[in-house]
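Undergrad: Before I ask anything, let me first share the structure, which is written out below as structure tokens.
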Amino acid sequence: MSDSPLVSEKPVPPSPRSAQRRLTFVTLAGVLAVVGALAAGYYFAMRPVTLRIAVGPANSDDLKVVQNLAQAFNNQRNSLVRLRPVQTDGAVASASLLGDGKVDLAIIRGDLEVPRNAQAVATLRKNVVALWVPPAAKPKGRKAAPAITKISQLAGRRIGVVGRTQANVNLLKVILRQYGIDPAKVEIIQFPASEAADAIRNQKADAYLAAGPVNSKITADAITATARDGAPQFLAIDSAEAIAQNHPAYEASEIPAGTFGSAPSRPEEEIKTISFSHHIVARRGIAESTVATFTRQLFAARQNLKNEFPLTAKIETPDTDKDATIPVHPGAAAFVDGEEKTFLDRYSDYIWWSLMAVSAMGSIGAWFAGALKKDDRSINTSQRDRLLDMLTAARQSDSMEELDQMQAEADAILRDTLQCFEHGTIEEGTLTAFNIAIEQFHNAVADRKTLLLSMPQNLQRASAQFRAAGNA
């Protein structure tokens, strides 16, 4: 075997192709991770959100409105907000649940204490105060009491309040104080709305107060029961503006003629009164986009339900003024002002940064790929030089074993070169030049083997010894 250094002096450097494959895999995994994060973000941003809304009491108009809205939301295609009613004993209990953070929305009265974390979303309905005196009964054997024609004459009288809520009693006291009447000097009798007609027929009070929507059936039924023995006397709240100034939760309002009946007309003419609102409020901290979507769906449902369920027609947009009694939620304000943000508006920054990250990863991957290709080209050049050296060595070799070894090495170089061409590391012209070199090498090996096989064995040994001596 020859001691020629051409076989071992230049080992083939290891190819970084495995590193390139790893880098490609890492880059692809990074891009897929970013795309997956964007897809997951879109899914979580667009999936339906269920909001708990406190409303009561049972069988009230407010509960019926919320139940119809909840059903309408569920029936809407692509509804992003759904409602889950939480029944309570009334507006006070609903406000308490919202204040404790146990619900997301609540129906509350504007003239009650509003939780600090409450922000207005919509006005569910406006309520007017009806204050009236039943027709005077004809007592037997005693003088009739003086007729009541003004609020200032209610001192020392019995006043019936329709409904069990303390809020209506507080409302009556506000009116009495405005007219200089000490609430302690009147007898206040409360009875449930369902017992109002019976209480009035039994003449349990000298005057009555009810609060509700202008078309409230409860108020209308109570007044109708009063009119059994004649026409009731409605008491105007002439100081409505003053009450509104002192108590911002109230507004000066009017009860139109004939509101509670038209045969005969009740009242006969427009009556001054005060009004207050029931509000839909949201807990502070709920995402602006969620409340904006809820508000949009709420008013869309109102349009669809107002003919089938007229109570929904009373829903109004909230007061967006900065000095509003209940501050408006930013999401509701965005809907009212036409500034509701779309998905792209809300997440454009995240999308932009994600795209920048993908671009940066692509640039980094391209830079590394270019660097690896440069290394591959350098290695391929050294392999080509090695092949040319082996071509020279093959023409001088006197060992069949050495020729076989060089041929195996040439096959490995050929395999690596073809892989470089497939990966775009070398051009077609470079591959053509390499093919010429590899063909020349194989021809040289074949010619040398033919020559060695034709030479006597002793001549081959002598030639090998001569070359070894020359190298030494």
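In the structure tokens, the first chain shown is A, the next is B, and so on; residue numbers restart at 1 for each chain, and ligands run from 1 in the order shown.
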Contacts of range 89-104 of chain A at 10 Å or less, counting only C-alpha atoms, minus same-chain residues fewer than 4 places along, as a VMD selection string?
TA: chain A and resid 50 to 58 60 62 to 63 83 to 85 108 to 110 112 to 118 164 to 167 278 to 279 281 to 286
Undergrad: Could those selected residues go to a file with N, CA and C atoms, as a short mmCIF file (atom, residue, chain, number, x, y, z; two decimals), in the first residue's frame?
TA:
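Saved the output as again.cif:
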```
data_model
loop_
_atom_site.label_atom_id
_atom_site.label_comp_id
_atom_site.auth_asym_id
_atom_site.auth_seq_id
_atom_site.Cartn_x
_atom_site.Cartn_y
_atom_site.Cartn_z
N THR A 50 -70.56 35.87 28.16
CA THR A 50 -71.82 35.84 28.90
C THR A 50 -71.73 36.81 30.07
N LEU A 51 -72.66 37.76 30.11
CA LEU A 51 -72.71 38.76 31.17
C LEU A 51 -73.87 38.44 32.11
N ARG A 52 -73.60 38.45 33.40
CA ARG A 52 -74.65 38.23 34.41
C ARG A 52 -75.30 39.57 34.72
N ILE A 53 -76.63 39.61 34.66
CA ILE A 53 -77.35 40.86 34.90
C ILE A 53 -78.36 40.65 36.02
N ALA A 54 -78.25 41.46 37.07
CA ALA A 54 -79.14 41.38 38.23
C ALA A 54 -80.39 42.21 37.95
N VAL A 55 -81.56 41.61 38.16
CA VAL A 55 -82.82 42.29 37.89
C VAL A 55 -83.92 41.68 38.76
N GLY A 56 -84.86 42.50 39.16
CA GLY A 56 -85.96 42.02 39.99
C GLY A 56 -86.95 43.14 40.24
N PRO A 57 -88.02 42.82 40.94
CA PRO A 57 -88.36 41.52 41.54
C PRO A 57 -89.01 40.57 40.54
N ALA A 58 -89.46 39.41 41.07
CA ALA A 58 -90.11 38.42 40.22
C ALA A 58 -91.40 38.99 39.62
N SER A 60 -91.81 41.21 37.53
CA SER A 60 -91.79 42.64 37.22
C SER A 60 -91.57 42.85 35.73
N ASP A 62 -89.38 44.82 34.50
CA ASP A 62 -87.93 44.84 34.25
C ASP A 62 -87.41 43.43 33.97
N LEU A 63 -87.85 42.47 34.76
CA LEU A 63 -87.40 41.09 34.57
C LEU A 63 -87.88 40.56 33.22
N LEU A 83 -76.68 37.17 27.67
CA LEU A 83 -77.12 37.59 29.00
C LEU A 83 -77.57 36.39 29.82
N ARG A 84 -77.25 36.44 31.10
CA ARG A 84 -77.75 35.45 32.05
C ARG A 84 -78.41 36.19 33.20
N PRO A 85 -79.76 36.28 33.20
CA PRO A 85 -80.45 37.02 34.26
C PRO A 85 -80.22 36.40 35.64
N ILE A 108 -80.95 49.25 38.06
CA ILE A 108 -81.06 49.99 39.31
C ILE A 108 -81.92 51.23 39.11
N ARG A 109 -82.42 51.78 40.23
CA ARG A 109 -83.16 53.04 40.20
C ARG A 109 -82.19 54.19 40.34
N GLY A 110 -82.41 55.21 39.53
CA GLY A 110 -81.50 56.35 39.57
C GLY A 110 -81.61 57.18 40.83
N LEU A 112 -81.84 55.95 43.87
CA LEU A 112 -81.26 55.24 45.01
C LEU A 112 -79.75 55.45 45.02
N GLU A 113 -79.12 54.97 46.08
CA GLU A 113 -77.66 55.08 46.15
C GLU A 113 -77.04 54.19 45.07
N VAL A 114 -76.25 54.81 44.21
CA VAL A 114 -75.64 54.11 43.09
C VAL A 114 -74.28 53.55 43.53
N PRO A 115 -74.01 52.26 43.27
CA PRO A 115 -72.68 51.71 43.63
C PRO A 115 -71.56 52.50 42.99
N ARG A 116 -70.44 52.60 43.69
CA ARG A 116 -69.31 53.36 43.17
C ARG A 116 -68.73 52.77 41.89
N ASN A 117 -68.89 51.47 41.74
CA ASN A 117 -68.30 50.83 40.55
C ASN A 117 -69.29 50.70 39.40
N ALA A 118 -70.42 51.45 39.49
CA ALA A 118 -71.45 51.38 38.46
C ALA A 118 -71.25 52.46 37.41
N ARG A 164 -93.92 47.82 47.76
CA ARG A 164 -93.27 47.58 49.05
C ARG A 164 -91.87 48.18 49.14
N THR A 165 -91.34 48.70 48.05
CA THR A 165 -89.98 49.20 48.10
C THR A 165 -89.87 50.47 48.93
N GLN A 166 -88.83 50.57 49.72
CA GLN A 166 -88.60 51.75 50.54
C GLN A 166 -88.28 52.97 49.69
N ALA A 167 -87.85 52.72 48.46
CA ALA A 167 -87.49 53.84 47.58
C ALA A 167 -88.70 54.74 47.32
N HIS A 278 -84.92 54.15 35.53
CA HIS A 278 -84.28 52.86 35.80
C HIS A 278 -83.15 52.70 34.79
N HIS A 279 -81.97 52.38 35.25
CA HIS A 279 -80.79 52.33 34.39
C HIS A 279 -80.26 50.91 34.29
N VAL A 281 -76.78 49.40 34.25
CA VAL A 281 -75.42 49.82 34.57
C VAL A 281 -74.48 48.63 34.48
N ALA A 282 -73.23 48.92 34.19
CA ALA A 282 -72.19 47.89 34.09
C ALA A 282 -71.16 48.12 35.18
N ARG A 283 -70.57 47.04 35.60
CA ARG A 283 -69.50 47.13 36.60
C ARG A 283 -68.25 47.72 35.97
N ARG A 284 -67.68 48.71 36.65
CA ARG A 284 -66.44 49.30 36.16
C ARG A 284 -65.37 48.21 36.07
N GLY A 285 -64.63 48.21 34.98
CA GLY A 285 -63.60 47.20 34.79
C GLY A 285 -63.93 46.23 33.68
N ILE A 286 -65.22 46.15 33.30
CA ILE A 286 -65.56 45.30 32.15
C ILE A 286 -64.98 45.95 30.90
#
```
Undergrad: I want to know what sits within 7 Å of range 208-220 of chain A, based on only C-alpha atoms, with residues of the same chain fewer than 3 positions away left out; could you give that as a PyMOL selection string?
TA: chain A and resi 126-133+159-162+193+205+223-224+259-260
Undergrad: Considering only C-alpha atoms, can you say which of A:Ala184, A:Ile189, A:Leu452, A:Ala242 comes closest to Asn168 in chain A?
TA: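 Smallest separation from Asn168 in chain A among the options: A:Ile189.
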Undergrad: Enumerate as a list in words all residues of range 97-196 of chain A assigned to alpha helix (DSSP H) by DSSP on the backbone, naming them with the chain letters and numbers the document uses.
TA: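 Output for range 97-196 of chain A, alpha helix (DSSP H) only: Leu97, Leu98, Gly99, Gln166, Ala167, Asn168, Val169, Asn170, Leu171, Leu172, Lys173, Val174, Ile175, Leu176, Arg177, Gln178 and Ala196 of chain A.
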Undergrad: What does the distance from CA of Met406 in chain A to CA of Ser382 in chain A come to in Å, to one decimal?
TA: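 It comes out at 15.5 Å.
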Undergrad: Within 9 Å of Leu388 in chain A, counting only C-alpha atoms, which residues show up once you throw out same-chain ones fewer than 6 positions away? Write them as a compact mmCIF listing (two decimals) with C-alpha atoms, in the first residue's frame, please.
TA:
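Listing of selection-v8.txt after writing:
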```txt
# COMPACT_ATOMS: atom_id res chain seq x y z
CA ALA A 437 -13.89 16.74 -13.05
CA ILE A 438 -15.57 13.63 -11.58
CA PHE A 441 -11.25 11.23 -12.15
```
Undergrad: Using only C-alpha atoms, find the one residue out of A:Ala301, A:Ala357, A:Leu105, A:Ala197 that sits nearest to Ala313 in chain A.
TA: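 Closest to Ala313 in chain A, using only C-alpha atoms: A:Ala301.
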Undergrad: For the strand (DSSP E) assignment from backbone DSSP, which residues of range 152-277 of chain A qualify? Please present them as a VMD selection string.
TA: chain A and resid 158 to 162 187 to 191 207 to 212 233 to 234 251 to 255 271 to 277
Undergrad: When distances are computed from only C-alpha atoms, which of A:Arg415, A:Thr320, A:Leu305, A:Val65 shows the smallest separation from Phe434 in chain A?
TA: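 Going through A:Arg415, A:Thr320, A:Leu305, A:Val65 one by one, the smallest distance to Phe434 in chain A is for A:Arg415.
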Undergrad: Give one line per residue of range 227-261 of chain A that approaches range 177-183 of chain A to at most 12 Å, naming the two atoms of the closest pair and their distance in Å to one decimal, counting only C-alpha atoms; sort by chain then ascending residue number and deliver it as CSV.
TA:
```
residue,atom,partner,partner_atom,distance
A:Ala236,CA,A:Tyr179,CA,12.0
A:Ile237,CA,A:Tyr179,CA,9.4
A:Asp238,CA,A:Tyr179,CA,9.8
A:Ser239,CA,A:Gln178,CA,7.5
A:Ala240,CA,A:Gln178,CA,9.3
A:Glu241,CA,A:Gln178,CA,10.9
A:Ala242,CA,A:Gln178,CA,8.1
A:Ile243,CA,A:Gln178,CA,7.0
A:Ala244,CA,A:Gln178,CA,10.8
A:Gln245,CA,A:Gln178,CA,11.4
A:Asn246,CA,A:Gln178,CA,9.5
A:His247,CA,A:Gln178,CA,10.8
```
Undergrad: Would you save the residues of that selection, restricted to C-alpha atoms, as a PDB file, in the first residue's frame?
TA:
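Saved as selection.pdb:
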```pdb
ATOM      1  CA  ALA A 236     -99.667  68.657  40.697  1.00  0.00           C
ATOM      2  CA  ILE A 237     -96.052  68.831  41.871  1.00  0.00           C
ATOM      3  CA  ASP A 238     -95.574  72.498  40.984  1.00  0.00           C
ATOM      4  CA  SER A 239     -92.119  72.537  42.589  1.00  0.00           C
ATOM      5  CA  ALA A 240     -90.798  69.835  40.259  1.00  0.00           C
ATOM      6  CA  GLU A 241     -88.007  72.070  38.933  1.00  0.00           C
ATOM      7  CA  ALA A 242     -86.878  72.903  42.467  1.00  0.00           C
ATOM      8  CA  ILE A 243     -86.865  69.239  43.438  1.00  0.00           C
ATOM      9  CA  ALA A 244     -84.789  68.430  40.341  1.00  0.00           C
ATOM     10  CA  GLN A 245     -82.319  71.161  41.270  1.00  0.00           C
ATOM     11  CA  ASN A 246     -81.908  69.824  44.805  1.00  0.00           C
ATOM     12  CA  HIS A 247     -81.959  66.135  43.836  1.00  0.00           C
TER      13      HIS A 247
END
```
Undergrad: Would you work out the distance separating CA of Phe294 in chain A from CA of Ser275 in chain A, expressed in Å to one decimal?
TA: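 Computing the Euclidean distance for CA of Phe294 in chain A and CA of Ser275 in chain A yields 26.5 Å.
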